[in-house]
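Trainee: Data: protein-v3.cif, mmCIF, C-alpha atoms.
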```cif
data_input
loop_
_atom_site.label_atom_id
_atom_site.label_comp_id
_atom_site.auth_asym_id
_atom_site.auth_seq_id
_atom_site.Cartn_x
_atom_site.Cartn_y
_atom_site.Cartn_z
CA MET B 295 0.00 0.00 0.00
CA HIS B 296 2.85 2.40 0.75
CA ALA B 297 6.19 3.44 -0.67
CA GLY B 298 8.94 2.01 1.50
CA GLN B 299 6.64 -0.58 3.07
CA VAL B 300 8.50 -3.24 5.04
CA ALA B 301 8.11 -6.81 3.81
CA ILE B 302 6.16 -8.86 6.36
CA ASP B 303 5.07 -12.47 5.97
CA ASP B 304 4.00 -15.37 8.16
CA ALA B 305 7.49 -16.82 8.44
CA LEU B 306 8.98 -13.51 9.58
CA VAL B 307 6.37 -13.02 12.30
CA ARG B 308 6.81 -16.61 13.45
CA ARG B 309 10.57 -16.06 13.81
CA LEU B 310 10.10 -12.80 15.67
CA VAL B 311 7.68 -14.32 18.17
CA ASP B 312 9.62 -17.55 18.69
CA THR B 313 12.97 -15.78 19.10
CA GLN B 314 11.90 -12.93 21.36
CA PHE B 315 9.03 -14.59 23.22
CA PRO B 316 9.76 -18.33 23.32
CA ARG B 317 6.96 -18.85 25.86
CA TRP B 318 4.53 -18.32 22.95
CA ALA B 319 6.41 -20.42 20.41
CA GLY B 320 3.80 -23.17 20.49
CA LEU B 321 0.82 -20.92 19.82
CA ALA B 322 -0.86 -20.90 16.42
CA LEU B 323 -0.16 -17.81 14.33
CA ARG B 324 -2.41 -16.60 11.53
CA PRO B 325 -2.82 -13.31 9.64
CA VAL B 326 -5.92 -11.21 10.29
CA ARG B 327 -7.66 -9.85 7.21
CA SER B 328 -8.32 -6.16 7.68
CA ALA B 329 -8.93 -2.97 5.73
CA GLY B 330 -6.46 -1.27 8.05
CA THR B 331 -3.59 0.69 6.54
CA VAL B 332 -1.00 1.10 9.29
CA ASN B 333 -0.16 -2.32 10.75
CA ALA B 334 0.02 -5.95 9.78
CA ILE B 335 -2.07 -7.89 12.31
CA TYR B 336 -1.61 -11.52 13.32
CA ARG B 337 -3.60 -13.51 15.82
CA LEU B 338 -1.40 -15.45 18.21
CA GLY B 339 -3.21 -18.32 19.87
CA ASP B 340 -6.68 -17.46 21.13
CA GLU B 341 -5.84 -14.56 23.43
CA LEU B 342 -3.11 -12.50 21.78
CA ALA B 343 -2.51 -10.39 18.67
CA VAL B 344 0.72 -9.20 17.06
CA ARG B 345 0.88 -5.75 15.45
CA LEU B 346 3.71 -4.73 13.16
CA PRO B 347 3.91 -1.25 11.54
CA LEU B 348 4.10 -1.39 7.75
CA VAL B 349 6.20 1.75 7.28
CA PRO B 350 9.27 2.85 9.29
CA SER B 351 7.87 6.30 10.02
CA TRP B 352 4.89 4.76 11.79
CA ASP B 353 6.69 2.83 14.49
CA GLY B 354 6.73 6.13 16.40
CA ASP B 355 2.93 5.94 16.49
CA LEU B 356 3.19 2.48 18.01
CA GLU B 357 5.72 3.70 20.56
CA ALA B 358 3.39 6.53 21.60
CA GLU B 359 0.45 4.14 21.80
CA LEU B 360 2.40 1.79 24.06
CA GLU B 361 3.16 4.70 26.36
CA TRP B 362 -0.35 6.13 26.58
CA LEU B 363 -2.64 3.09 26.44
CA PRO B 364 -1.90 1.99 30.04
CA ARG B 365 -2.66 5.52 31.26
CA LEU B 366 -5.93 5.61 29.34
CA ALA B 367 -6.83 2.16 30.65
CA ALA B 368 -6.37 3.46 34.18
CA ALA B 369 -8.97 6.14 33.46
CA GLY B 370 -11.70 3.49 33.22
CA LEU B 371 -13.01 4.27 29.75
CA PRO B 372 -16.46 2.75 29.08
CA LEU B 373 -15.38 0.66 26.06
CA ALA B 374 -12.52 -1.80 25.83
CA ILE B 375 -9.27 -0.50 24.35
CA PRO B 376 -6.13 -2.39 23.25
CA GLU B 377 -4.03 -3.82 26.07
CA PRO B 378 -0.31 -4.13 25.35
CA VAL B 379 1.24 -7.33 26.68
CA ALA B 380 4.81 -7.22 25.36
CA THR B 381 7.02 -5.04 23.17
CA GLY B 382 9.12 -6.61 20.44
CA ALA B 383 12.56 -5.26 19.65
CA PRO B 384 13.77 -4.26 16.18
CA VAL B 385 16.07 -6.74 14.46
CA GLU B 386 17.90 -6.74 11.14
CA GLU B 387 15.15 -8.46 9.18
CA TYR B 388 12.42 -6.27 10.74
CA PRO B 389 14.07 -3.05 11.97
CA LEU B 390 10.97 -1.59 13.64
CA LEU B 391 9.30 -1.69 17.02
CA TRP B 392 6.41 -4.18 17.18
CA ALA B 393 4.11 -5.36 19.93
CA VAL B 394 1.88 -8.10 21.28
CA TYR B 395 -1.56 -7.15 22.57
CA ARG B 396 -4.45 -8.88 24.26
CA TRP B 397 -6.89 -10.10 21.57
CA LEU B 398 -10.22 -8.27 21.51
CA ASP B 399 -13.18 -10.25 20.20
CA GLY B 400 -15.63 -8.65 17.80
CA VAL B 401 -16.27 -7.57 14.24
CA PRO B 402 -15.92 -4.08 12.75
CA VAL B 403 -19.13 -2.07 12.95
CA ALA B 404 -21.00 -0.96 9.84
CA PRO B 405 -19.16 -3.15 7.31
CA GLY B 406 -21.77 -2.39 4.67
CA GLY B 407 -22.35 1.26 5.44
CA PRO B 408 -23.64 3.58 8.18
CA VAL B 409 -26.05 2.09 10.72
CA ASP B 410 -29.05 3.54 12.51
CA ASP B 411 -28.10 2.07 15.89
CA VAL B 412 -29.05 4.52 18.63
CA ALA B 413 -27.54 2.41 21.43
CA ALA B 414 -24.19 2.19 19.62
CA ALA B 415 -24.22 5.94 18.99
CA ALA B 416 -24.88 6.66 22.66
CA ARG B 417 -22.13 4.26 23.76
CA LEU B 418 -19.57 5.74 21.41
CA ALA B 419 -20.51 9.27 22.44
CA GLY B 420 -20.05 8.22 26.05
CA PHE B 421 -16.60 6.91 25.18
CA VAL B 422 -15.65 10.18 23.48
CA ARG B 423 -16.87 12.19 26.48
CA ALA B 424 -14.90 10.00 28.87
CA LEU B 425 -11.78 10.27 26.69
CA ARG B 426 -12.09 14.06 26.62
CA SER B 427 -12.31 14.11 30.41
CA VAL B 428 -8.90 12.44 30.83
CA PRO B 429 -6.30 15.12 31.68
CA ALA B 430 -4.35 16.02 28.53
CA GLY B 431 -1.37 17.72 30.12
CA GLY B 432 1.85 16.63 28.44
CA VAL B 433 -0.02 14.71 25.73
CA PRO B 434 1.47 15.14 22.24
CA ASP B 435 -0.47 16.96 19.54
CA GLY B 436 -3.25 14.92 17.92
CA ARG B 437 -5.65 15.40 15.03
CA GLY B 438 -7.30 18.78 14.54
CA VAL B 439 -4.37 20.86 15.81
CA ARG B 440 -3.52 22.08 12.32
CA PRO B 441 -6.05 24.63 11.05
CA LEU B 442 -8.32 23.42 8.27
CA ALA B 443 -7.19 26.38 6.20
CA ASP B 444 -3.73 24.80 5.92
CA ASP B 445 -5.28 22.24 3.56
CA ASP B 446 -7.19 24.77 1.46
CA ASP B 447 -5.18 24.53 -1.77
CA THR B 448 -4.99 20.73 -1.65
CA VAL B 449 -8.70 20.35 -0.92
CA ARG B 450 -9.82 22.72 -3.67
CA THR B 451 -7.66 20.87 -6.20
CA ALA B 452 -9.19 17.53 -5.13
CA VAL B 453 -12.73 18.93 -5.05
CA ALA B 454 -12.41 19.95 -8.70
CA THR B 455 -12.23 16.25 -9.65
CA LEU B 456 -15.55 15.34 -7.98
CA PRO B 457 -18.85 14.86 -9.86
CA ASP B 458 -20.39 17.73 -7.88
CA PRO B 459 -17.58 20.18 -7.09
CA ALA B 460 -20.04 22.94 -6.20
CA ALA B 461 -21.55 20.93 -3.34
CA ALA B 462 -18.13 19.97 -2.02
CA THR B 463 -16.93 23.56 -2.26
CA ALA B 464 -19.95 24.69 -0.23
CA VAL B 465 -19.15 22.17 2.52
CA TRP B 466 -15.53 23.22 2.57
CA ASP B 467 -16.33 26.94 2.62
CA ALA B 468 -18.70 26.35 5.55
CA ALA B 469 -15.97 24.50 7.45
CA LEU B 470 -13.52 27.36 6.89
CA ALA B 471 -16.15 29.92 7.91
CA ALA B 472 -16.90 28.14 11.19
CA GLU B 473 -15.42 29.49 14.37
CA THR B 474 -11.93 28.06 14.64
CA TRP B 475 -10.90 25.65 17.36
CA ASP B 476 -10.55 27.54 20.63
CA GLY B 477 -7.27 25.85 21.47
CA GLU B 478 -8.60 23.82 24.41
CA ARG B 479 -6.59 20.61 24.12
CA VAL B 480 -8.57 17.48 24.89
CA TRP B 481 -7.82 13.85 24.21
CA VAL B 482 -8.77 12.96 20.63
CA HIS B 483 -8.72 9.40 19.29
CA GLY B 484 -8.37 10.79 15.79
CA ASP B 485 -9.38 7.73 13.78
CA LEU B 486 -12.90 6.66 14.79
CA LEU B 487 -13.55 4.78 11.56
CA PRO B 488 -15.60 1.55 11.27
CA VAL B 489 -12.40 -0.53 11.01
CA ASN B 490 -11.41 0.71 14.48
CA LEU B 491 -14.74 0.03 16.22
CA LEU B 492 -15.62 -3.50 17.29
CA ALA B 493 -19.08 -4.87 17.94
CA SER B 494 -19.55 -7.95 20.11
CA GLY B 495 -22.52 -9.51 21.84
CA GLY B 496 -24.94 -7.37 19.89
CA GLY B 497 -23.42 -4.01 20.77
CA LEU B 498 -20.42 -1.72 20.47
CA ALA B 499 -17.65 -3.22 22.56
CA ALA B 500 -14.19 -1.81 21.79
CA VAL B 501 -12.21 0.99 20.19
CA LEU B 502 -8.97 0.05 18.43
CA ASP B 503 -5.82 1.74 17.11
CA PHE B 504 -4.70 4.71 19.18
CA GLY B 505 -1.72 5.46 16.96
CA ALA B 506 -3.20 8.82 15.95
CA ALA B 507 -4.41 9.71 19.45
CA GLY B 508 -3.28 12.88 21.12
CA ALA B 509 -4.52 16.25 22.30
CA GLY B 510 -6.33 18.48 19.83
CA ASP B 511 -9.70 19.69 18.58
CA GLY B 512 -12.44 17.50 20.07
CA ALA B 513 -14.51 18.07 16.92
CA TYR B 514 -12.29 15.56 15.10
CA ASP B 515 -13.92 12.72 17.02
CA LEU B 516 -17.29 13.62 15.52
CA LEU B 517 -16.09 11.75 12.42
CA PRO B 518 -18.41 8.74 13.00
CA ALA B 519 -21.34 10.98 12.06
CA TRP B 520 -20.18 10.66 8.46
CA CYS B 521 -18.90 7.09 8.33
CA VAL B 522 -20.64 5.04 11.03
CA PHE B 523 -24.07 6.43 11.93
CA THR B 524 -27.12 7.63 10.07
CA GLY B 525 -30.67 8.64 10.92
CA ALA B 526 -31.62 8.83 14.58
CA ALA B 527 -28.29 7.35 15.63
CA ARG B 528 -26.46 10.21 14.01
CA ASP B 529 -28.72 12.71 15.77
CA VAL B 530 -28.12 11.01 19.12
CA PHE B 531 -24.35 11.00 18.59
CA ARG B 532 -24.34 14.74 17.99
CA ALA B 533 -26.72 15.51 20.84
CA GLU B 534 -24.81 13.38 23.35
CA LEU B 535 -21.61 15.25 22.51
CA ALA B 536 -23.35 18.66 22.53
CA ALA B 537 -21.70 19.60 19.24
CA ASP B 538 -22.52 23.19 18.33
CA ASP B 539 -22.82 24.36 14.74
CA ASP B 540 -19.19 25.47 14.50
CA ALA B 541 -17.78 22.17 15.80
CA TRP B 542 -20.16 20.29 13.50
CA ALA B 543 -19.05 22.30 10.46
CA ARG B 544 -15.36 21.75 11.28
CA ALA B 545 -15.99 18.03 11.76
CA ARG B 546 -17.76 17.86 8.41
CA GLY B 547 -14.71 19.53 6.89
CA TYR B 548 -12.41 17.01 8.58
CA ALA B 549 -14.52 14.19 7.12
CA LEU B 550 -14.32 15.69 3.63
CA VAL B 551 -10.54 16.14 3.84
CA LYS B 552 -9.97 12.61 5.11
CA GLY B 553 -12.07 11.16 2.31
CA LEU B 554 -10.49 13.28 -0.41
CA MET B 555 -6.96 12.38 0.63
CA ALA B 556 -7.55 8.66 1.16
CA ALA B 557 -9.72 7.79 -1.85
CA PRO B 558 -7.10 8.18 -4.60
CA TYR B 559 -4.24 6.95 -2.42
CA TYR B 560 -5.88 3.58 -1.68
CA ARG B 561 -7.88 3.14 -4.90
CA GLU B 562 -5.69 0.30 -6.21
CA THR B 563 -3.97 -1.01 -3.10
CA ASN B 564 -6.82 -1.15 -0.57
CA PRO B 565 -10.23 -1.01 -2.27
CA ALA B 566 -12.11 -1.52 1.02
CA PHE B 567 -10.48 1.53 2.57
CA ALA B 568 -10.97 3.52 -0.63
CA ALA B 569 -14.68 2.68 -0.45
CA LEU B 570 -14.75 3.99 3.12
CA ALA B 571 -13.07 7.18 1.92
CA HIS B 572 -15.75 7.64 -0.76
CA ARG B 573 -18.39 7.07 1.94
CA LEU B 574 -16.88 9.95 3.93
CA ILE B 575 -17.00 12.21 0.90
CA ASP B 576 -20.55 11.28 -0.08
CA ALA B 577 -21.87 11.57 3.48
CA SER B 578 -20.19 14.91 4.08
CA LEU B 579 -21.95 16.28 0.99
CA ALA B 580 -25.33 14.69 1.68
CA TRP B 581 -25.78 15.13 5.44
CA GLU B 582 -25.60 18.36 7.33
#
```
Could you spell out this file's structure in structure tokens?
Mentor:
Amino acid sequence: MHAGQVAIDDALVRRLVDTQFPRWAGLALRPVRSAGTVNAIYRLGDELAVRLPLVPSWDGDLEAELEWLPRLAAAGLPLAIPEPVATGAPVEEYPLLWAVYRWLDGVPVAPGGPVDDVAAAARLAGFVRALRSVPAGGVPDGRGVRPLADDDDTVRTAVATLPDPAAATAVWDAALAAETWDGERVWVHGDLLPVNLLASGGGLAAVLDFGAAGAGDGAYDLLPAWCVFTGAARDVFRAELAADDDAWARARGYALVKGLMAAPYYRETNPAFAALAHRLIDASLAWE
């Protein structure tokens, strides 16, 4: 999917696990199919998962996640989050940090498109509120710190390629016209996409992948309104998070930008993620 991507296969992961963690050498190892773009994922036995960054520049995200996840776990968030179990060291054949986590059961939410699930919307909103309440002192910058206007030229160039550039331009202009982020730094997950939300037992159960997490504009975590929820669920998600018109307009702009940047990048290499990107674009134009 990426220039400079590190070669990872079953044999490599088996050697890494057996050499560095011989206590798990007898456990079955199998790749996990995913639309994710950052890590290769392997299930190790029944209770563990191995995550390996695909690109050298992203092992810093994993390092940050390993530092902050235990602190977030101590805050008692209302949905399960990844639990690191062991950290793997770089070696010559895989020169990046990697890690073993506790396996979380479930399936990604909304695999076929947004869902009108009011209970899931309320649960995810509760998670976002709880995350925002965790003290963010000393937390590195997360999504939404950069002003939307910084992407203006890039967005307008991409918008010109869409079937309805006028509608997209109107959404973008509204996002730029909204009151800018007030600078209050709160914890932001930064990637609340369907691939990072697990459902289990008939309801939303876990939030995955905190590699993009940090302190920034809380409006960024309104993203599920354009890629997870629709109908009454979408209304509940907004109401539960008390998103005013300015935050909502910025969030809609964030959704448009994310879709515009990801759709062409993953068109050939990750069609499932490209489809999600197009969903973000279409929803940001259709739903206010």
Trainee: When distances are computed from all atoms listed in the file, which of B:Ala557, B:Leu360, B:Val394, B:Ala454 shows the smallest separation from Gly382 in chain B?
Mentor: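 Closest residue, counting all atoms listed in the file: B:Val394.
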Trainee: Can you work out which one of B:Gly330, B:Pro350, B:Pro389, B:Gly400 has the shortest atom-to-atom distance to Gly298 in chain B, counting all atoms listed in the file?
Mentor: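 Counting all atoms listed in the file, the residue closest to Gly298 in chain B is B:Pro350.
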Trainee: Given the file above and the PyMOL selection byres ((chain B and resi 359) around 9), which residues are selected, and can you give them as a PyMOL selection string?
Mentor: chain B and resi 354-358+360-364+503-507
Trainee: Ranking B:Leu366, B:Val385, B:Ala519, B:Ala301 by minimum distance to Leu486 in chain B and counting all atoms listed in the file, which one comes first?
Mentor: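 Closest residue, counting all atoms listed in the file: B:Ala519.
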Trainee: Which is closest to Ala374 in chain B among B:Phe523, B:Trp318, B:Trp397, B:Trp581, if we use all atoms listed in the file?
Mentor: B:Trp397
Trainee: For the point (12.1, -1.6, 12.9) in file coordinates, what residues are within 12 Å, counting all atoms listed in the file? Give the answer as a PyMOL selection string?
Mentor: chain B and resi 299-302+310+346-354+356-357+381-393
Trainee: Rank nothing, just name the residue among B:Ala536, B:Met295, B:Leu338, B:Leu579 nearest to Thr463 in chain B, using only C-alpha atoms.
Mentor: B:Leu579
Trainee: Select, from B:Ala460, B:Ala549, B:Ala513, B:Leu570, the residue with the minimum atom-to-atom distance to Gly477 in chain B, counting all atoms listed in the file.
Mentor: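 Going through B:Ala460, B:Ala549, B:Ala513, B:Leu570 one by one, the smallest distance to Gly477 in chain B is for B:Ala513.
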Trainee: Name the residues captured by the PyMOL selection byres ((chain B and resi 491) around 6) when it is applied to the shown file; answer as an MDAnalysis selection string.
Mentor: chainID B and resid 402:403 488:490 492 500:501
Trainee: Write out as a list in words the residues lying within 10 Å of Glu473 in chain B, counting only C-alpha atoms and excluding same-chain residues fewer than 6 positions away.
Mentor: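 The neighbour list is Asp539, Asp540, Ala541, Ala543 and Arg544 of chain B.
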Trainee: Which residues, written as a PyMOL selection string, have at least one atom at most 12 Å from Arg327 in chain B, with all atoms listed in the file counted and residues fewer than 4 positions away on the same chain left out?
Mentor: chain B and resi 331+333-337+401-402+489+564+566
Trainee: Please write as an MDAnalysis selection string the full residue list that the PyMOL selection byres ((chain B and resi 408) around 10) yields on this file.
Mentor: chainID B and resid 403:407 409:411 488 518:525 527:528 573 577
Trainee: Enter the distance from CA of Pro325 in chain B to CA of Arg345 in chain B, in Å, rounded to one decimal.
Mentor: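 That distance, rounded to one decimal, is 10.2 Å.
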Trainee: Up to 9 Å from (-10.4, 8.7, 2.7) in the file's coordinates: name the residues, counting all atoms listed in the file, as a list in words.
Mentor: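 Checking each residue against the 9 Å limit leaves Ala549, Leu550, Val551, Lys552, Gly553, Leu554, Met555, Ala556, Ala557, Pro558, Tyr559, Tyr560, Phe567, Ala568, Ala569, Leu570, Ala571, His572, Arg573, Leu574 and Ile575 of chain B.
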Trainee: Mind giving me the straight-line distance from CA of Glu341 in chain B to CA of Phe421 in chain B in Å, one decimal?
Mentor: 24.1 Å
Trainee: What does the structure give for the distance between CA of Val465 in chain B and CA of Glu582 in chain B, in Å to one decimal?
Mentor: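 It comes out at 8.9 Å.
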Trainee: Please provide as a ChimeraX atom specification all residues within 8 Å of Asp304 in chain B, with the sequence filter that same-chain residues fewer than 3 positions apart are discarded (counting all atoms listed in the file).
Mentor: /B:307-308,323-325
Trainee: Please produce a file of the residues just selected, as a JSON list (two decimals), in the frame of the given file, where the atoms kept are C-alpha atoms.
Mentor:
```json
[["chain", "number", "residue", "atom", "x", "y", "z"],
["B", 307, "VAL", "CA", 6.37, -13.02, 12.30],
["B", 308, "ARG", "CA", 6.81, -16.61, 13.45],
["B", 323, "LEU", "CA", -0.16, -17.81, 14.33],
["B", 324, "ARG", "CA", -2.41, -16.60, 11.53],
["B", 325, "PRO", "CA", -2.82, -13.31, 9.64]]
```
Trainee: Got a minute to add N, CA and C atoms to range 496-532 of chain B and dump it as a PDB file, in the coordinates of the input?
Mentor:
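Contents of selection08.pdb, freshly written:
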```pdb
ATOM      1  N   GLY B 496     -23.809  -8.186  20.287  1.00  0.00           N
ATOM      2  CA  GLY B 496     -24.940  -7.370  19.890  1.00  0.00           C
ATOM      3  C   GLY B 496     -24.784  -5.880  20.115  1.00  0.00           C
ATOM      4  N   GLY B 497     -23.605  -5.436  20.533  1.00  0.00           N
ATOM      5  CA  GLY B 497     -23.420  -4.010  20.770  1.00  0.00           C
ATOM      6  C   GLY B 497     -21.989  -3.573  20.592  1.00  0.00           C
ATOM      7  N   LEU B 498     -21.767  -2.278  20.591  1.00  0.00           N
ATOM      8  CA  LEU B 498     -20.420  -1.720  20.470  1.00  0.00           C
ATOM      9  C   LEU B 498     -19.619  -2.116  21.695  1.00  0.00           C
ATOM     10  N   ALA B 499     -18.401  -2.651  21.454  1.00  0.00           N
ATOM     11  CA  ALA B 499     -17.650  -3.220  22.560  1.00  0.00           C
ATOM     12  C   ALA B 499     -16.258  -2.640  22.746  1.00  0.00           C
ATOM     13  N   ALA B 500     -15.599  -2.195  21.665  1.00  0.00           N
ATOM     14  CA  ALA B 500     -14.190  -1.810  21.790  1.00  0.00           C
ATOM     15  C   ALA B 500     -13.821  -0.761  20.753  1.00  0.00           C
ATOM     16  N   VAL B 501     -12.802   0.006  21.094  1.00  0.00           N
ATOM     17  CA  VAL B 501     -12.210   0.990  20.190  1.00  0.00           C
ATOM     18  C   VAL B 501     -10.744   0.609  20.006  1.00  0.00           C
ATOM     19  N   LEU B 502     -10.317   0.489  18.745  1.00  0.00           N
ATOM     20  CA  LEU B 502      -8.970   0.050  18.430  1.00  0.00           C
ATOM     21  C   LEU B 502      -8.097   1.205  17.958  1.00  0.00           C
ATOM     22  N   ASP B 503      -6.804   0.914  17.816  1.00  0.00           N
ATOM     23  CA  ASP B 503      -5.820   1.740  17.110  1.00  0.00           C
ATOM     24  C   ASP B 503      -5.749   3.169  17.609  1.00  0.00           C
ATOM     25  N   PHE B 504      -4.904   3.381  18.614  1.00  0.00           N
ATOM     26  CA  PHE B 504      -4.700   4.710  19.180  1.00  0.00           C
ATOM     27  C   PHE B 504      -3.419   5.353  18.668  1.00  0.00           C
ATOM     28  N   GLY B 505      -2.951   4.910  17.510  1.00  0.00           N
ATOM     29  CA  GLY B 505      -1.720   5.460  16.960  1.00  0.00           C
ATOM     30  C   GLY B 505      -1.806   6.923  16.605  1.00  0.00           C
ATOM     31  N   ALA B 506      -3.013   7.407  16.289  1.00  0.00           N
ATOM     32  CA  ALA B 506      -3.200   8.820  15.950  1.00  0.00           C
ATOM     33  C   ALA B 506      -3.692   9.635  17.135  1.00  0.00           C
ATOM     34  N   ALA B 507      -3.841   9.009  18.292  1.00  0.00           N
ATOM     35  CA  ALA B 507      -4.410   9.710  19.450  1.00  0.00           C
ATOM     36  C   ALA B 507      -3.463  10.775  19.970  1.00  0.00           C
ATOM     37  N   GLY B 508      -4.055  11.797  20.528  1.00  0.00           N
ATOM     38  CA  GLY B 508      -3.280  12.880  21.120  1.00  0.00           C
ATOM     39  C   GLY B 508      -4.233  13.978  21.555  1.00  0.00           C
ATOM     40  N   ALA B 509      -3.696  15.133  21.850  1.00  0.00           N
ATOM     41  CA  ALA B 509      -4.520  16.250  22.300  1.00  0.00           C
ATOM     42  C   ALA B 509      -4.750  17.210  21.146  1.00  0.00           C
ATOM     43  N   GLY B 510      -6.015  17.587  20.940  1.00  0.00           N
ATOM     44  CA  GLY B 510      -6.330  18.480  19.830  1.00  0.00           C
ATOM     45  C   GLY B 510      -7.772  18.946  19.890  1.00  0.00           C
ATOM     46  N   ASP B 511      -8.336  19.201  18.717  1.00  0.00           N
ATOM     47  CA  ASP B 511      -9.700  19.690  18.580  1.00  0.00           C
ATOM     48  C   ASP B 511     -10.672  18.523  18.768  1.00  0.00           C
ATOM     49  N   GLY B 512     -11.493  18.581  19.806  1.00  0.00           N
ATOM     50  CA  GLY B 512     -12.440  17.500  20.070  1.00  0.00           C
ATOM     51  C   GLY B 512     -13.400  17.252  18.928  1.00  0.00           C
ATOM     52  N   ALA B 513     -13.594  18.238  18.046  1.00  0.00           N
ATOM     53  CA  ALA B 513     -14.510  18.070  16.920  1.00  0.00           C
ATOM     54  C   ALA B 513     -14.045  16.950  15.985  1.00  0.00           C
ATOM     55  N   TYR B 514     -12.771  16.614  16.011  1.00  0.00           N
ATOM     56  CA  TYR B 514     -12.290  15.560  15.100  1.00  0.00           C
ATOM     57  C   TYR B 514     -12.955  14.227  15.411  1.00  0.00           C
ATOM     58  N   ASP B 515     -13.295  13.999  16.667  1.00  0.00           N
ATOM     59  CA  ASP B 515     -13.920  12.720  17.020  1.00  0.00           C
ATOM     60  C   ASP B 515     -15.418  12.694  16.763  1.00  0.00           C
ATOM     61  N   LEU B 516     -15.928  13.693  16.051  1.00  0.00           N
ATOM     62  CA  LEU B 516     -17.290  13.620  15.520  1.00  0.00           C
ATOM     63  C   LEU B 516     -17.332  12.876  14.187  1.00  0.00           C
ATOM     64  N   LEU B 517     -16.198  12.415  13.724  1.00  0.00           N
ATOM     65  CA  LEU B 517     -16.090  11.750  12.420  1.00  0.00           C
ATOM     66  C   LEU B 517     -17.092  10.618  12.205  1.00  0.00           C
ATOM     67  N   PRO B 518     -17.444   9.817  13.231  1.00  0.00           N
ATOM     68  CA  PRO B 518     -18.410   8.740  13.000  1.00  0.00           C
ATOM     69  C   PRO B 518     -19.759   9.205  12.454  1.00  0.00           C
ATOM     70  N   ALA B 519     -20.082  10.484  12.608  1.00  0.00           N
ATOM     71  CA  ALA B 519     -21.340  10.980  12.060  1.00  0.00           C
ATOM     72  C   ALA B 519     -21.385  10.861  10.549  1.00  0.00           C
ATOM     73  N   TRP B 520     -20.214  10.742   9.922  1.00  0.00           N
ATOM     74  CA  TRP B 520     -20.180  10.660   8.460  1.00  0.00           C
ATOM     75  C   TRP B 520     -19.663   9.316   7.942  1.00  0.00           C
ATOM     76  N   CYS B 521     -19.363   8.385   8.837  1.00  0.00           N
ATOM     77  CA  CYS B 521     -18.900   7.090   8.330  1.00  0.00           C
ATOM     78  C   CYS B 521     -19.431   5.897   9.123  1.00  0.00           C
ATOM     79  N   VAL B 522     -20.117   6.146  10.228  1.00  0.00           N
ATOM     80  CA  VAL B 522     -20.640   5.040  11.030  1.00  0.00           C
ATOM     81  C   VAL B 522     -22.156   5.136  11.177  1.00  0.00           C
ATOM     82  N   PHE B 523     -22.664   6.307  11.553  1.00  0.00           N
ATOM     83  CA  PHE B 523     -24.070   6.430  11.930  1.00  0.00           C
ATOM     84  C   PHE B 523     -24.893   7.188  10.888  1.00  0.00           C
ATOM     85  N   THR B 524     -26.176   6.895  10.898  1.00  0.00           N
ATOM     86  CA  THR B 524     -27.120   7.630  10.070  1.00  0.00           C
ATOM     87  C   THR B 524     -28.433   7.768  10.850  1.00  0.00           C
ATOM     88  N   GLY B 525     -29.349   8.541  10.320  1.00  0.00           N
ATOM     89  CA  GLY B 525     -30.670   8.640  10.920  1.00  0.00           C
ATOM     90  C   GLY B 525     -30.650   9.094  12.369  1.00  0.00           C
ATOM     91  N   ALA B 526     -31.500   8.450  13.171  1.00  0.00           N
ATOM     92  CA  ALA B 526     -31.620   8.830  14.580  1.00  0.00           C
ATOM     93  C   ALA B 526     -30.327   8.618  15.341  1.00  0.00           C
ATOM     94  N   ALA B 527     -29.558   7.600  14.945  1.00  0.00           N
ATOM     95  CA  ALA B 527     -28.290   7.350  15.630  1.00  0.00           C
ATOM     96  C   ALA B 527     -27.333   8.518  15.460  1.00  0.00           C
ATOM     97  N   ARG B 528     -27.318   9.054  14.282  1.00  0.00           N
ATOM     98  CA  ARG B 528     -26.460  10.210  14.010  1.00  0.00           C
ATOM     99  C   ARG B 528     -26.898  11.409  14.858  1.00  0.00           C
ATOM    100  N   ASP B 529     -28.199  11.612  14.960  1.00  0.00           N
ATOM    101  CA  ASP B 529     -28.720  12.710  15.770  1.00  0.00           C
ATOM    102  C   ASP B 529     -28.349  12.525  17.237  1.00  0.00           C
ATOM    103  N   VAL B 530     -28.464  11.289  17.725  1.00  0.00           N
ATOM    104  CA  VAL B 530     -28.120  11.010  19.120  1.00  0.00           C
ATOM    105  C   VAL B 530     -26.631  11.244  19.363  1.00  0.00           C
ATOM    106  N   PHE B 531     -25.791  10.815  18.437  1.00  0.00           N
ATOM    107  CA  PHE B 531     -24.350  11.000  18.590  1.00  0.00           C
ATOM    108  C   PHE B 531     -24.011  12.483  18.736  1.00  0.00           C
ATOM    109  N   ARG B 532     -24.607  13.303  17.886  1.00  0.00           N
ATOM    110  CA  ARG B 532     -24.340  14.740  17.990  1.00  0.00           C
ATOM    111  C   ARG B 532     -24.878  15.319  19.289  1.00  0.00           C
TER     112      ARG B 532
END
```
